[in-house]
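Student: File name my_file.txt; file contents compact mmCIF, C-alpha atoms and all ligand atoms; full text below.
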```txt
# COMPACT_ATOMS: atom_id res chain seq x y z
CA MET A 624 -110.08 72.79 -48.18
CA ASN A 625 -111.92 76.00 -47.29
CA PRO A 626 -115.39 76.81 -48.70
CA GLN A 627 -114.05 79.29 -51.27
CA GLU A 628 -111.62 76.68 -52.60
CA ILE A 629 -114.45 74.14 -52.87
CA ILE A 630 -116.64 76.63 -54.72
CA SER A 631 -113.83 77.68 -57.05
CA LYS A 632 -113.35 74.10 -58.27
CA HIS A 633 -116.56 74.61 -60.25
CA GLU A 634 -117.13 76.85 -63.27
CA PRO A 635 -119.06 79.96 -62.19
CA THR A 636 -122.26 79.10 -64.07
CA GLN A 637 -125.66 78.79 -62.47
CA ASP A 638 -125.95 75.26 -63.91
CA ASN A 639 -123.39 74.29 -61.28
CA LEU A 640 -125.42 75.52 -58.34
CA LEU A 641 -126.52 72.09 -57.10
CA ASN A 642 -123.07 70.55 -57.63
CA ILE A 643 -121.48 73.33 -55.60
CA LEU A 644 -124.04 73.04 -52.80
CA HIS A 645 -123.62 69.26 -52.58
CA ASP A 646 -119.85 69.63 -52.61
CA LEU A 647 -119.96 72.17 -49.78
CA GLN A 648 -122.29 70.03 -47.71
CA ASN A 649 -120.21 66.88 -48.28
CA HIS A 650 -117.09 68.66 -47.08
CA HIS A 651 -118.71 70.09 -43.96
CA SER A 652 -118.05 68.06 -40.80
CA GLU A 653 -121.70 68.52 -39.77
CA SER A 654 -123.18 67.80 -43.23
CA TYR A 655 -124.97 71.08 -43.75
CA ILE A 656 -124.67 74.39 -45.56
CA PRO A 657 -124.24 77.38 -43.23
CA ALA A 658 -125.66 80.74 -44.30
CA GLU A 659 -122.20 82.20 -44.91
CA PHE A 660 -121.47 79.42 -47.43
CA MET A 661 -124.70 80.26 -49.28
CA ASP A 662 -123.62 83.91 -49.38
CA LEU A 663 -120.30 82.90 -50.97
CA VAL A 664 -122.16 80.84 -53.59
CA SER A 665 -124.51 83.71 -54.31
CA ASP A 666 -121.54 86.05 -54.96
CA TYR A 667 -119.68 83.45 -57.03
CA LEU A 668 -122.64 82.67 -59.31
CA ASN A 669 -123.98 86.23 -59.33
CA MET A 670 -127.35 85.06 -58.00
CA THR A 671 -129.51 86.63 -55.34
CA LYS A 672 -129.10 85.22 -51.85
CA SER A 673 -132.80 84.38 -51.75
CA ALA A 674 -132.50 82.28 -54.93
CA VAL A 675 -129.66 80.24 -53.42
CA TYR A 676 -131.47 79.89 -50.07
CA GLY A 677 -134.62 78.83 -51.94
CA VAL A 678 -132.80 76.00 -53.70
CA VAL A 679 -131.25 74.76 -50.44
CA ASP A 680 -134.66 74.90 -48.79
CA TYR A 681 -136.34 73.04 -51.66
CA TYR A 682 -134.05 70.02 -51.89
CA SER A 683 -134.49 67.58 -49.03
CA MET A 684 -130.95 66.25 -49.55
CA LEU A 685 -129.57 69.68 -48.59
CA SER A 686 -129.70 70.98 -45.05
CA VAL A 687 -129.39 74.35 -43.34
CA LYS A 688 -129.11 72.69 -39.92
CA PRO A 689 -126.07 70.86 -38.52
CA ARG A 690 -126.52 67.09 -38.79
CA GLY A 691 -124.90 63.98 -37.42
CA ARG A 692 -122.04 62.00 -38.89
CA TYR A 693 -124.54 59.39 -40.12
CA ILE A 694 -127.71 60.58 -41.81
CA ILE A 695 -130.46 57.98 -41.74
CA ARG A 696 -133.07 58.50 -44.47
CA VAL A 697 -136.12 56.28 -44.13
CA CYS A 698 -138.23 55.95 -47.27
CA ILE A 699 -141.72 57.29 -46.61
CA SER A 700 -143.09 56.82 -50.14
CA PRO A 701 -146.26 54.73 -50.69
CA VAL A 702 -144.81 51.21 -51.12
CA CYS A 703 -142.62 51.50 -48.03
CA HIS A 704 -145.47 53.16 -46.17
CA ILE A 705 -147.67 50.11 -46.80
CA LYS A 706 -144.79 47.86 -45.76
CA ASN A 707 -144.50 49.47 -42.32
CA ALA A 708 -142.19 52.46 -42.89
CA PRO A 709 -143.95 54.31 -40.03
CA GLY A 710 -143.13 51.39 -37.72
CA ILE A 711 -139.52 51.44 -38.91
CA MET A 712 -139.35 55.14 -38.18
CA ASP A 713 -140.74 54.51 -34.67
CA VAL A 714 -138.13 51.83 -33.98
CA LEU A 715 -135.32 54.16 -35.05
CA SER A 716 -136.81 57.05 -33.16
CA LYS A 717 -136.99 55.02 -29.94
CA GLN A 718 -133.58 53.40 -30.36
CA LEU A 719 -131.87 56.74 -31.01
CA ASP A 720 -134.13 58.76 -28.70
CA ILE A 721 -134.76 61.45 -31.32
CA ARG A 722 -137.66 62.47 -33.54
CA VAL A 723 -137.61 62.87 -37.31
CA GLY A 724 -135.45 65.86 -38.24
CA GLU A 725 -133.40 65.67 -35.04
CA THR A 726 -129.79 64.71 -34.32
CA THR A 727 -128.58 62.60 -31.39
CA THR A 728 -126.82 64.52 -28.63
CA ASP A 729 -123.54 62.74 -29.45
CA LYS A 730 -123.95 64.10 -33.02
CA LEU A 731 -123.66 60.60 -34.45
CA PHE A 732 -127.10 60.17 -36.10
CA THR A 733 -129.69 62.36 -37.79
CA LEU A 734 -133.07 60.84 -38.64
CA GLU A 735 -134.90 61.99 -41.78
CA GLY A 736 -137.67 60.87 -44.12
CA ALA A 737 -136.94 60.45 -47.83
CA GLU A 738 -138.76 59.89 -51.10
CA CYS A 739 -138.56 56.52 -52.89
CA LEU A 740 -135.05 55.06 -52.74
CA GLY A 741 -135.60 52.72 -55.69
CA GLN A 742 -135.90 49.67 -53.41
CA CYS A 743 -139.66 49.13 -53.71
CA GLN A 744 -139.28 45.39 -54.47
CA GLU A 745 -137.54 44.99 -51.13
CA ALA A 746 -139.39 47.54 -49.04
CA PRO A 747 -139.18 48.93 -46.45
CA ALA A 748 -135.88 50.66 -47.11
CA MET A 749 -133.57 53.30 -45.69
CA MET A 750 -130.16 54.79 -46.40
CA ILE A 751 -127.38 55.61 -43.97
CA ASN A 752 -125.24 58.16 -45.76
CA GLU A 753 -124.70 56.50 -49.17
CA LYS A 754 -125.44 52.90 -48.15
CA VAL A 755 -128.88 51.39 -48.81
CA TYR A 756 -130.60 48.90 -46.49
CA ASN A 757 -133.80 47.08 -47.45
CA ASN A 758 -136.14 44.36 -46.16
CA LEU A 759 -135.96 46.13 -42.82
CA THR A 760 -137.25 44.57 -39.63
CA GLN A 761 -136.92 45.76 -36.06
CA LYS A 762 -134.23 43.17 -35.33
CA ARG A 763 -132.28 44.07 -38.46
CA ILE A 764 -132.42 47.79 -37.66
CA GLU A 765 -131.05 47.24 -34.18
CA LYS A 766 -128.08 45.36 -35.64
CA ILE A 767 -127.48 47.94 -38.36
CA ILE A 768 -127.49 50.85 -35.91
CA ALA A 769 -125.23 48.97 -33.49
CA SER A 770 -122.70 48.52 -36.31
CA TYR A 771 -122.39 52.33 -36.56
CA GLN A 772 -122.02 52.97 -32.83
S1 LIG B 801 -141.33 53.32 -52.01
FE1 LIG B 801 -139.70 52.97 -50.63
S2 LIG B 801 -138.07 52.37 -51.88
FE2 LIG B 801 -139.66 52.84 -53.27
```
Let's see the structure in the file written out as structure tokens.
Tutor:
Amino acid sequence: MNPQEIISKHEPTQDNLLNILHDLQNHHSESYIPAEFMDLVSDYLNMTKSAVYGVVDYYSMLSVKPRGRYIIRVCISPVCHIKNAPGIMDVLSKQLDIRVGETTTDKLFTLEGAECLGQCQEAPAMMINEKVYNNLTQKRIEKIIASYQ
């Protein structure tokens, strides 16, 4: 499905902006929204390009940069922070040899921080694409990442 077909599945109302952007990103092989897609959305919804770009920039779930097949989002909110989220981030960073915001050279993983994932009782937590992992330890992370490689 090309970007225009994806956009056209939605009614051309500005209330659909986020749905369209998520749909475009989910269909992109590198999980991001290129500038030319944002231009198409701007024309379709009769919005300024800067308004569309602003929304993409504001929402951390949306990206303007190509990302890996698996997007790892480590919760960096207070409860996880207290329960060693920074240490979890370090383990992932070392294991994947990338920093936060970067993608591995094989384009398999992108490492990001995220707001609370609703797993505070079992912190620290992270998501890989849509799957949630909690009660993270270094050993557990190594196994989880290996299962994606
Ligand atoms: S603070 Fe991390 S899941 Fe809620």
Student: Give as a PyMOL selection string the residues surrounding ligand LIG 801 (chain B) up to a distance of 8 Å, considering only C-alpha atoms and all ligand atoms.
Tutor: chain A and resi 698-704+738-749
Student: Pick out the residues sitting within 6 Å of stretch 665-682 of chain A, and hand them over as a PyMOL selection string; count all atoms listed in the file, and ignore anything fewer than 3 positions along from it in its own chain.
Tutor: chain A and resi 635-637+662+685
Student: Excluding A:Gln772 and any residue of its chain fewer than 4 positions from it, enumerate the residues within 12 Å of it, using all atoms listed in the file, and give them as a short mmCIF file (atom, residue, chain, number, x, y, z; two decimals) with C-alpha atoms, in the coordinates of the input.
Tutor:
```cif
data_model
loop_
_atom_site.label_atom_id
_atom_site.label_comp_id
_atom_site.auth_asym_id
_atom_site.auth_seq_id
_atom_site.Cartn_x
_atom_site.Cartn_y
_atom_site.Cartn_z
CA ARG A 692 -122.04 62.00 -38.89
CA TYR A 693 -124.54 59.39 -40.12
CA GLN A 718 -133.58 53.40 -30.36
CA LEU A 719 -131.87 56.74 -31.01
CA THR A 727 -128.58 62.60 -31.39
CA ASP A 729 -123.54 62.74 -29.45
CA LYS A 730 -123.95 64.10 -33.02
CA LEU A 731 -123.66 60.60 -34.45
CA PHE A 732 -127.10 60.17 -36.10
CA GLU A 765 -131.05 47.24 -34.18
CA LYS A 766 -128.08 45.36 -35.64
CA ILE A 767 -127.48 47.94 -38.36
CA ILE A 768 -127.49 50.85 -35.91
#
```
Student: When you draw a straight line from atom CA of A:Thr733 to atom CA of A:Arg763, how long is it in Å?
Tutor: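 Between atom CA of A:Thr733 and atom CA of A:Arg763 the gap works out to 18.5 Å.
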Student: Using all atoms listed in the file, what residues lie at most 10 Å away from (-138.1, 67.5, -38.2) (file coordinates), given as a list of chain:residue names?
Tutor: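 Those within range, by chain then number, are A:Ile721, A:Arg722, A:Val723, A:Gly724, A:Glu725, A:Thr726, A:Thr733, A:Leu734, A:Glu735, A:Gly736.
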Student: Quick check, in Å to one decimal: how far apart do atom CA of A:Ser686 and atom CA of A:Asn757 lie?
Tutor: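 Atom CA of A:Asn757 lies at a distance of 24.4 Å from atom CA of A:Ser686.
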Student: Report the distance between atom CA of A:Asn642 and atom CA of A:Val687 in Å, rounded to one decimal place.
Tutor: 16.1 Å
Student: Just the residues within 9 Å of A:Ile630, please, counting only C-alpha atoms, with nothing from its chain fewer than 4 positions along; format it as a list of chain:residue names.
Tutor: A:Asn625, A:Pro626, A:Glu634, A:Pro635, A:Ile643, A:Leu644, A:Asp646, A:Leu647, A:Leu663, A:Val664, A:Tyr667
Student: For a quick check of understanding, using only C-alpha atoms, which of A:Val697, A:Ala708, A:Ile656, A:Leu641 has the smallest distance to A:Tyr756?
Tutor: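 For A:Tyr756, the nearest of the candidates is A:Val697.
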Student: Axis-aligned box over every listed atom of stretch 728-744 of chain A, padded by 6 Å per side: centre and edges in Å to one decimal, as lines of an AutoDock Vina configuration file?
Tutor:
```
center_x = -131.6
center_y = 55.0
center_z = -42.2
size_x = 28.1
size_y = 31.1
size_z = 39.1
```
Student: Using N, CA, C and O atoms, give me stretch 740-756 of chain A from the structure I just pasted, as a PDB file, in the first residue's frame.
Tutor:
```pdb
ATOM      1  N   LEU A 740       5.032   3.181  31.418  1.00  0.00           N
ATOM      2  CA  LEU A 740       4.399   2.163  30.579  1.00  0.00           C
ATOM      3  C   LEU A 740       3.277   1.435  31.319  1.00  0.00           C
ATOM      4  O   LEU A 740       2.775   0.417  30.855  1.00  0.00           O
ATOM      5  N   GLY A 741       2.904   1.959  32.487  1.00  0.00           N
ATOM      6  CA  GLY A 741       1.822   1.342  33.252  1.00  0.00           C
ATOM      7  C   GLY A 741       2.244   0.044  33.938  1.00  0.00           C
ATOM      8  O   GLY A 741       1.408  -0.795  34.249  1.00  0.00           O
ATOM      9  N   GLN A 742       3.521  -0.119  34.178  1.00  0.00           N
ATOM     10  CA  GLN A 742       4.052  -1.348  34.793  1.00  0.00           C
ATOM     11  C   GLN A 742       4.749  -1.034  36.114  1.00  0.00           C
ATOM     12  O   GLN A 742       5.639  -1.786  36.535  1.00  0.00           O
ATOM     13  N   CYS A 743       4.349   0.054  36.760  1.00  0.00           N
ATOM     14  CA  CYS A 743       5.086   0.537  37.941  1.00  0.00           C
ATOM     15  C   CYS A 743       5.211  -0.520  39.037  1.00  0.00           C
ATOM     16  O   CYS A 743       6.216  -0.560  39.740  1.00  0.00           O
ATOM     17  N   GLN A 744       4.183  -1.377  39.196  1.00  0.00           N
ATOM     18  CA  GLN A 744       4.234  -2.412  40.244  1.00  0.00           C
ATOM     19  C   GLN A 744       5.349  -3.407  39.975  1.00  0.00           C
ATOM     20  O   GLN A 744       5.798  -4.100  40.890  1.00  0.00           O
ATOM     21  N   GLU A 745       5.729  -3.512  38.704  1.00  0.00           N
ATOM     22  CA  GLU A 745       6.755  -4.493  38.339  1.00  0.00           C
ATOM     23  C   GLU A 745       7.915  -3.829  37.598  1.00  0.00           C
ATOM     24  O   GLU A 745       8.452  -4.370  36.638  1.00  0.00           O
ATOM     25  N   ALA A 746       8.253  -2.642  38.092  1.00  0.00           N
ATOM     26  CA  ALA A 746       9.360  -1.893  37.503  1.00  0.00           C
ATOM     27  C   ALA A 746      10.688  -2.589  37.803  1.00  0.00           C
ATOM     28  O   ALA A 746      10.770  -3.320  38.807  1.00  0.00           O
ATOM     29  N   PRO A 747      11.699  -2.350  36.974  1.00  0.00           N
ATOM     30  CA  PRO A 747      11.722  -1.521  35.768  1.00  0.00           C
ATOM     31  C   PRO A 747      11.128  -2.253  34.557  1.00  0.00           C
ATOM     32  O   PRO A 747      11.110  -3.475  34.516  1.00  0.00           O
ATOM     33  N   ALA A 748      10.674  -1.428  33.609  1.00  0.00           N
ATOM     34  CA  ALA A 748       9.960  -1.998  32.465  1.00  0.00           C
ATOM     35  C   ALA A 748      10.454  -1.411  31.145  1.00  0.00           C
ATOM     36  O   ALA A 748      11.010  -0.309  31.104  1.00  0.00           O
ATOM     37  N   MET A 749      10.200  -2.154  30.085  1.00  0.00           N
ATOM     38  CA  MET A 749      10.489  -1.653  28.731  1.00  0.00           C
ATOM     39  C   MET A 749       9.507  -2.311  27.762  1.00  0.00           C
ATOM     40  O   MET A 749       8.821  -3.285  28.109  1.00  0.00           O
ATOM     41  N   MET A 750       9.423  -1.755  26.574  1.00  0.00           N
ATOM     42  CA  MET A 750       8.635  -2.367  25.506  1.00  0.00           C
ATOM     43  C   MET A 750       9.558  -2.641  24.330  1.00  0.00           C
ATOM     44  O   MET A 750      10.475  -1.858  24.074  1.00  0.00           O
ATOM     45  N   ILE A 751       9.300  -3.726  23.619  1.00  0.00           N
ATOM     46  CA  ILE A 751       9.944  -3.929  22.319  1.00  0.00           C
ATOM     47  C   ILE A 751       8.798  -4.016  21.325  1.00  0.00           C
ATOM     48  O   ILE A 751       7.973  -4.938  21.415  1.00  0.00           O
ATOM     49  N   ASN A 752       8.712  -3.046  20.459  1.00  0.00           N
ATOM     50  CA  ASN A 752       7.526  -2.825  19.629  1.00  0.00           C
ATOM     51  C   ASN A 752       6.295  -2.813  20.542  1.00  0.00           C
ATOM     52  O   ASN A 752       6.234  -1.990  21.427  1.00  0.00           O
ATOM     53  N   GLU A 753       5.361  -3.738  20.387  1.00  0.00           N
ATOM     54  CA  GLU A 753       4.137  -3.675  21.201  1.00  0.00           C
ATOM     55  C   GLU A 753       4.209  -4.552  22.453  1.00  0.00           C
ATOM     56  O   GLU A 753       3.277  -4.566  23.246  1.00  0.00           O
ATOM     57  N   LYS A 754       5.284  -5.306  22.627  1.00  0.00           N
ATOM     58  CA  LYS A 754       5.350  -6.241  23.757  1.00  0.00           C
ATOM     59  C   LYS A 754       6.025  -5.598  24.977  1.00  0.00           C
ATOM     60  O   LYS A 754       7.066  -4.965  24.846  1.00  0.00           O
ATOM     61  N   VAL A 755       5.407  -5.809  26.144  1.00  0.00           N
ATOM     62  CA  VAL A 755       5.918  -5.218  27.383  1.00  0.00           C
ATOM     63  C   VAL A 755       6.741  -6.249  28.147  1.00  0.00           C
ATOM     64  O   VAL A 755       6.360  -7.421  28.237  1.00  0.00           O
ATOM     65  N   TYR A 756       7.865  -5.803  28.715  1.00  0.00           N
ATOM     66  CA  TYR A 756       8.695  -6.634  29.587  1.00  0.00           C
ATOM     67  C   TYR A 756       8.888  -5.880  30.896  1.00  0.00           C
ATOM     68  O   TYR A 756       9.191  -4.693  30.876  1.00  0.00           O
TER      69      TYR A 756
END
```
